[in-house]
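Data first, discussion second: the structure below is written as structure tokens.
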Amino acid sequence: MSSLVKEDLAKRLFGPRRLRLHEFIEVEGSGAERCYLCAAVTKSEEVEICMVKHFRDREEKYEVVEKWLLKDLEMIDGKEADTDNPYFDMHFHKVYSMEAYSCASKYTFARTLNNLNETYLKKDLKIVNFDSTYLNDDSIWSSNNRDCLVLMRICFYASNLLCLSLCPLS
């Protein structure tokens, strides 16, 4: 489903604006409309982050309601690295609080911004209150389908804790 939405966004919204969509996540919007937080690269290699509203009338419509540049992003705050929460803040000239669809998608977006920063800007981007293991591409848990791998790692830790709790102490 998400690949179809990404393809539709790229074709209807980003393609005509001559942007290459790298990643998007669903975030909480108001009412019945869906909202997406997107990261795209312009022809001049500027990284644009935008909030897109998805409307469904007779046909699918997308509208950019907020737009920022990655070079203006001062910090991404994941709120609490120790808990499984979808909330995060993006600090530009003001702070924008977001609620991702899941904790895994929050990490996916932070990882994408970090990678785009390393590729295009190479500035000191502060990413705080995220578990760094899940942000690095060089970890054994990285792949193209990172959301599943984050969940798999959480399950792996949970099963280890269960096994340890069932072992008798001698």
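For the structure tokens, the naming scheme is as follows: chains receive sequential letters (A, B, ...) according to their order of presentation, residues are indexed from 1 within each chain, and ligands are indexed from 1 in presentation order.
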
Next on the checklist: Would you pick out the contacts of region 65-73 of chain A at 6 Å or less, using only C-alpha atoms, so that residues sharing its chain but fewer than 3 positions from it are not included, and give the list as number ranges by chain?
Outcome noted: A: 47-52, 91-92

Just all heavy atoms for this one: save the residues we selected as a PDB file, in the first residue's frame.
ATOM      1  N   VAL A  47      17.441  19.782  -0.188  1.00  0.00           N
ATOM      2  CA  VAL A  47      16.532  18.801   0.407  1.00  0.00           C
ATOM      3  C   VAL A  47      15.358  19.548   1.014  1.00  0.00           C
ATOM      4  O   VAL A  47      15.526  20.431   1.845  1.00  0.00           O
ATOM      5  CB  VAL A  47      17.248  17.943   1.469  1.00  0.00           C
ATOM      6  CG1 VAL A  47      16.276  16.941   2.069  1.00  0.00           C
ATOM      7  CG2 VAL A  47      18.443  17.228   0.857  1.00  0.00           C
ATOM      8  N   GLU A  48      14.177  19.184   0.567  1.00  0.00           N
ATOM      9  CA  GLU A  48      12.939  19.815   1.008  1.00  0.00           C
ATOM     10  C   GLU A  48      12.152  18.829   1.870  1.00  0.00           C
ATOM     11  O   GLU A  48      12.014  17.670   1.530  1.00  0.00           O
ATOM     12  CB  GLU A  48      12.126  20.194  -0.230  1.00  0.00           C
ATOM     13  CG  GLU A  48      10.880  20.961   0.049  1.00  0.00           C
ATOM     14  CD  GLU A  48      10.146  21.311  -1.240  1.00  0.00           C
ATOM     15  OE1 GLU A  48      10.625  22.211  -1.962  1.00  0.00           O
ATOM     16  OE2 GLU A  48       9.105  20.690  -1.502  1.00  0.00           O
ATOM     17  N   ILE A  49      11.670  19.324   2.985  1.00  0.00           N
ATOM     18  CA  ILE A  49      10.792  18.551   3.853  1.00  0.00           C
ATOM     19  C   ILE A  49       9.441  19.242   3.785  1.00  0.00           C
ATOM     20  O   ILE A  49       9.362  20.464   3.945  1.00  0.00           O
ATOM     21  CB  ILE A  49      11.295  18.556   5.318  1.00  0.00           C
ATOM     22  CG1 ILE A  49      12.728  18.005   5.393  1.00  0.00           C
ATOM     23  CG2 ILE A  49      10.357  17.758   6.220  1.00  0.00           C
ATOM     24  CD1 ILE A  49      13.424  18.319   6.697  1.00  0.00           C
ATOM     25  N   CYS A  50       8.386  18.490   3.537  1.00  0.00           N
ATOM     26  CA  CYS A  50       7.085  19.153   3.441  1.00  0.00           C
ATOM     27  C   CYS A  50       5.975  18.295   4.047  1.00  0.00           C
ATOM     28  O   CYS A  50       6.066  17.075   4.116  1.00  0.00           O
ATOM     29  CB  CYS A  50       6.753  19.531   2.004  1.00  0.00           C
ATOM     30  SG  CYS A  50       6.698  18.175   0.866  1.00  0.00           S
ATOM     31  N   MET A  51       4.961  18.999   4.502  1.00  0.00           N
ATOM     32  CA  MET A  51       3.744  18.371   5.010  1.00  0.00           C
ATOM     33  C   MET A  51       2.731  18.414   3.871  1.00  0.00           C
ATOM     34  O   MET A  51       2.467  19.469   3.309  1.00  0.00           O
ATOM     35  CB  MET A  51       3.208  19.141   6.219  1.00  0.00           C
ATOM     36  CG  MET A  51       1.920  18.588   6.782  1.00  0.00           C
ATOM     37  SD  MET A  51       2.119  16.992   7.562  1.00  0.00           S
ATOM     38  CE  MET A  51       3.049  17.459   8.999  1.00  0.00           C
ATOM     39  N   VAL A  52       2.182  17.250   3.554  1.00  0.00           N
ATOM     40  CA  VAL A  52       1.245  17.128   2.435  1.00  0.00           C
ATOM     41  C   VAL A  52      -0.076  16.602   2.966  1.00  0.00           C
ATOM     42  O   VAL A  52      -0.107  15.612   3.704  1.00  0.00           O
ATOM     43  CB  VAL A  52       1.801  16.153   1.359  1.00  0.00           C
ATOM     44  CG1 VAL A  52       0.784  15.917   0.261  1.00  0.00           C
ATOM     45  CG2 VAL A  52       3.101  16.682   0.789  1.00  0.00           C
ATOM     46  N   HIS A  91      12.889  20.936  14.924  1.00  0.00           N
ATOM     47  CA  HIS A  91      13.223  22.297  15.321  1.00  0.00           C
ATOM     48  C   HIS A  91      13.752  23.074  14.113  1.00  0.00           C
ATOM     49  O   HIS A  91      14.854  22.822  13.638  1.00  0.00           O
ATOM     50  CB  HIS A  91      14.283  22.288  16.427  1.00  0.00           C
ATOM     51  CG  HIS A  91      13.811  21.675  17.694  1.00  0.00           C
ATOM     52  ND1 HIS A  91      13.640  22.405  18.836  1.00  0.00           N
ATOM     53  CD2 HIS A  91      13.467  20.400  18.008  1.00  0.00           C
ATOM     54  CE1 HIS A  91      13.216  21.606  19.805  1.00  0.00           C
ATOM     55  NE2 HIS A  91      13.105  20.384  19.321  1.00  0.00           N
ATOM     56  N   PHE A  92      12.955  23.997  13.631  1.00  0.00           N
ATOM     57  CA  PHE A  92      13.360  24.938  12.593  1.00  0.00           C
ATOM     58  C   PHE A  92      13.426  26.298  13.287  1.00  0.00           C
ATOM     59  O   PHE A  92      13.892  26.374  14.413  1.00  0.00           O
ATOM     60  CB  PHE A  92      12.352  24.944  11.435  1.00  0.00           C
ATOM     61  CG  PHE A  92      12.348  23.663  10.639  1.00  0.00           C
ATOM     62  CD1 PHE A  92      11.423  22.663  10.905  1.00  0.00           C
ATOM     63  CD2 PHE A  92      13.268  23.468   9.613  1.00  0.00           C
ATOM     64  CE1 PHE A  92      11.425  21.486  10.172  1.00  0.00           C
ATOM     65  CE2 PHE A  92      13.269  22.296   8.872  1.00  0.00           C
ATOM     66  CZ  PHE A  92      12.352  21.301   9.155  1.00  0.00           C
TER      67      PHE A  92
END

Note to self: DSSP on the backbone: which residues in chain A end up as strand (DSSP E or B)? Give the answer as JSON, numbers by chain.
What the structure shows: {"A": [19, 20, 21, 22, 23, 24, 25, 26, 27, 34, 35, 36, 37, 38, 39, 40, 41, 42, 47, 48, 49, 50, 51, 52, 53, 54, 55, 56, 60, 61, 62, 63, 64, 65, 66, 67, 68, 69, 75, 76, 77, 87, 88, 89, 90, 91, 95, 96, 97, 98, 99, 100, 126, 127, 128]}

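The smallest atom-to-atom distance between Ala39 (chain A) and any of A:Phe156, A:Tyr134, A:Phe14, A:Phe88, using only C-alpha atoms, is found for A:Phe14.
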
Please provide the set of residues having any atom within 10 Å of Ala100 (chain A), restricted to only C-alpha atoms, with same-chain residues fewer than 5 positions apart removed, written as a PyMOL selection string.
chain A and resi 25-29+35-37+85-88+105-107+109

Practice prompt. Determine which residues of region 1-144 of chain A DSSP labels as alpha helix (DSSP H) from the backbone of this structure, then write them out as a list in words.
Written response: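 Assigned to alpha helix (DSSP H), within region 1-144 of chain A: Ser2, Ser3, Leu4, Val5, Lys6, Glu7, Asp8, Leu9, Cys103, Ala104, Ser105, Lys106, Tyr107, Thr108, Phe109, Ala110, Arg111, Thr112, Leu113, Asn114, Asn115, Leu116, Ser132, Thr133, Tyr134 and Leu135 of chain A.
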
Taking 3 positions as the minimum chain separation for residues in the same chain, which residues sit within 12 Å of Glu59 (chain A) when counting only C-alpha atoms? Answer as a PDB file with N, CA and C atoms, in the first residue's frame.
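As written to disk, selection_22.pdb reads:
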ATOM      1  N   ASP A   8       2.174   7.386  -6.280  1.00  0.00           N
ATOM      2  CA  ASP A   8       1.163   8.396  -6.605  1.00  0.00           C
ATOM      3  C   ASP A   8       1.646   9.801  -6.223  1.00  0.00           C
ATOM      4  N   ARG A  12       2.012  12.639  -9.044  1.00  0.00           N
ATOM      5  CA  ARG A  12       1.053  13.750  -9.061  1.00  0.00           C
ATOM      6  C   ARG A  12       1.575  15.048  -8.446  1.00  0.00           C
ATOM      7  N   HIS A  54      -3.712  14.924   2.003  1.00  0.00           N
ATOM      8  CA  HIS A  54      -4.267  14.051   0.971  1.00  0.00           C
ATOM      9  C   HIS A  54      -5.793  14.162   1.043  1.00  0.00           C
ATOM     10  N   PHE A  55      -6.375  14.638  -0.046  1.00  0.00           N
ATOM     11  CA  PHE A  55      -7.828  14.803  -0.121  1.00  0.00           C
ATOM     12  C   PHE A  55      -8.399  13.784  -1.096  1.00  0.00           C
ATOM     13  N   ARG A  56      -9.578  13.299  -0.790  1.00  0.00           N
ATOM     14  CA  ARG A  56     -10.251  12.380  -1.702  1.00  0.00           C
ATOM     15  C   ARG A  56     -11.612  12.953  -2.065  1.00  0.00           C
ATOM     16  N   TYR A  62      -3.428  16.058  -3.706  1.00  0.00           N
ATOM     17  CA  TYR A  62      -2.415  16.302  -2.685  1.00  0.00           C
ATOM     18  C   TYR A  62      -2.108  17.792  -2.665  1.00  0.00           C
TER      19      TYR A  62
END

Excluding Arg17 (chain A) and any residue of its chain fewer than 2 positions from it, enumerate the residues within 12 Å of it, using only C-alpha atoms, and give them as a compact mmCIF listing (two decimals) with N, CA, C and O atoms, in the first residue's frame.
# COMPACT_ATOMS: atom_id res chain seq x y z
N LEU A 9 2.23 9.93 -5.04
CA LEU A 9 2.79 11.22 -4.61
C LEU A 9 3.87 11.69 -5.58
O LEU A 9 3.90 12.86 -5.97
N ALA A 10 4.76 10.78 -5.94
CA ALA A 10 5.85 11.13 -6.85
C ALA A 10 5.31 11.59 -8.20
O ALA A 10 5.79 12.57 -8.77
N LYS A 11 4.29 10.92 -8.69
CA LYS A 11 3.74 11.22 -10.02
C LYS A 11 2.90 12.50 -10.02
O LYS A 11 3.06 13.36 -10.88
N ARG A 12 2.01 12.64 -9.04
CA ARG A 12 1.05 13.75 -9.06
C ARG A 12 1.57 15.05 -8.45
O ARG A 12 1.18 16.13 -8.86
N LEU A 13 2.43 14.94 -7.43
CA LEU A 13 2.83 16.13 -6.70
C LEU A 13 4.30 16.50 -6.91
O LEU A 13 4.61 17.64 -7.24
N PHE A 14 5.18 15.55 -6.75
CA PHE A 14 6.61 15.87 -6.79
C PHE A 14 7.17 15.92 -8.21
O PHE A 14 8.02 16.75 -8.50
N GLY A 15 6.72 15.03 -9.08
CA GLY A 15 7.19 15.03 -10.47
C GLY A 15 6.96 16.36 -11.18
O GLY A 15 7.90 16.93 -11.74
N LEU A 19 10.83 17.45 -8.38
CA LEU A 19 11.46 16.97 -7.15
C LEU A 19 11.49 15.45 -7.17
O LEU A 19 10.60 14.80 -7.73
N ARG A 20 12.51 14.90 -6.54
CA ARG A 20 12.61 13.44 -6.42
C ARG A 20 12.26 13.06 -4.98
O ARG A 20 12.97 13.41 -4.04
N LEU A 21 11.15 12.37 -4.81
CA LEU A 21 10.68 11.96 -3.48
C LEU A 21 11.55 10.81 -2.97
O LEU A 21 11.69 9.80 -3.63
N ALA A 40 12.16 15.24 -0.04
CA ALA A 40 12.43 15.20 -1.48
C ALA A 40 13.65 16.06 -1.79
O ALA A 40 14.02 16.94 -1.01
N VAL A 41 14.25 15.79 -2.95
CA VAL A 41 15.43 16.53 -3.37
C VAL A 41 15.11 17.26 -4.66
O VAL A 41 14.53 16.69 -5.59
N THR A 42 15.51 18.54 -4.71
CA THR A 42 15.28 19.37 -5.89
C THR A 42 16.38 19.11 -6.93
O THR A 42 17.39 18.46 -6.63
N LYS A 43 16.19 19.65 -8.13
CA LYS A 43 17.22 19.53 -9.18
C LYS A 43 18.53 20.18 -8.76
O LYS A 43 19.60 19.75 -9.14
N GLU A 48 14.18 19.18 0.57
CA GLU A 48 12.94 19.82 1.01
C GLU A 48 12.15 18.83 1.87
O GLU A 48 12.01 17.67 1.53
N VAL A 64 0.55 20.63 -0.68
CA VAL A 64 1.63 20.95 0.25
C VAL A 64 1.12 22.07 1.16
O VAL A 64 0.76 23.14 0.68

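For the set A:Glu23, A:Asp89, A:Glu118, A:Arg18, the residue with the smallest atom-to-atom gap to Ser2 (chain A) is A:Glu23, counting only C-alpha atoms.
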
Computed gap from CA of Ala158 (chain A) to CA of Phe24 (chain A) is 28.6 Å

To one decimal in Å, tell me the separation between CA of Glu60 (chain A) and CA of Leu113 (chain A).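 Separating CA of Glu60 (chain A) from CA of Leu113 (chain A) is a distance of 26.9 Å.
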
Counting only C-alpha atoms, closest pick from A:Thr108, A:Ser97, A:Ser44, A:Ser102 relative to His22 (chain A) is A:Thr108

Work out how far CA of Pro168 (chain A) is from CA of Cys155 (chain A), in Å to one decimal.
->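 Between these atoms lies a distance of 22.1 Å.
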
Min atom-atom distance to Ala81 (chain A) from the set A:Cys163, A:Val5, A:Cys103, A:Leu151, counting only C-alpha atoms, belongs to A:Cys103

Selected residue of minimal separation from Met98 (chain A) among A:Val128, A:Cys167, A:Ile76, A:Leu135, counting only C-alpha atoms: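 Closest to Met98 (chain A), using only C-alpha atoms: A:Ile76.
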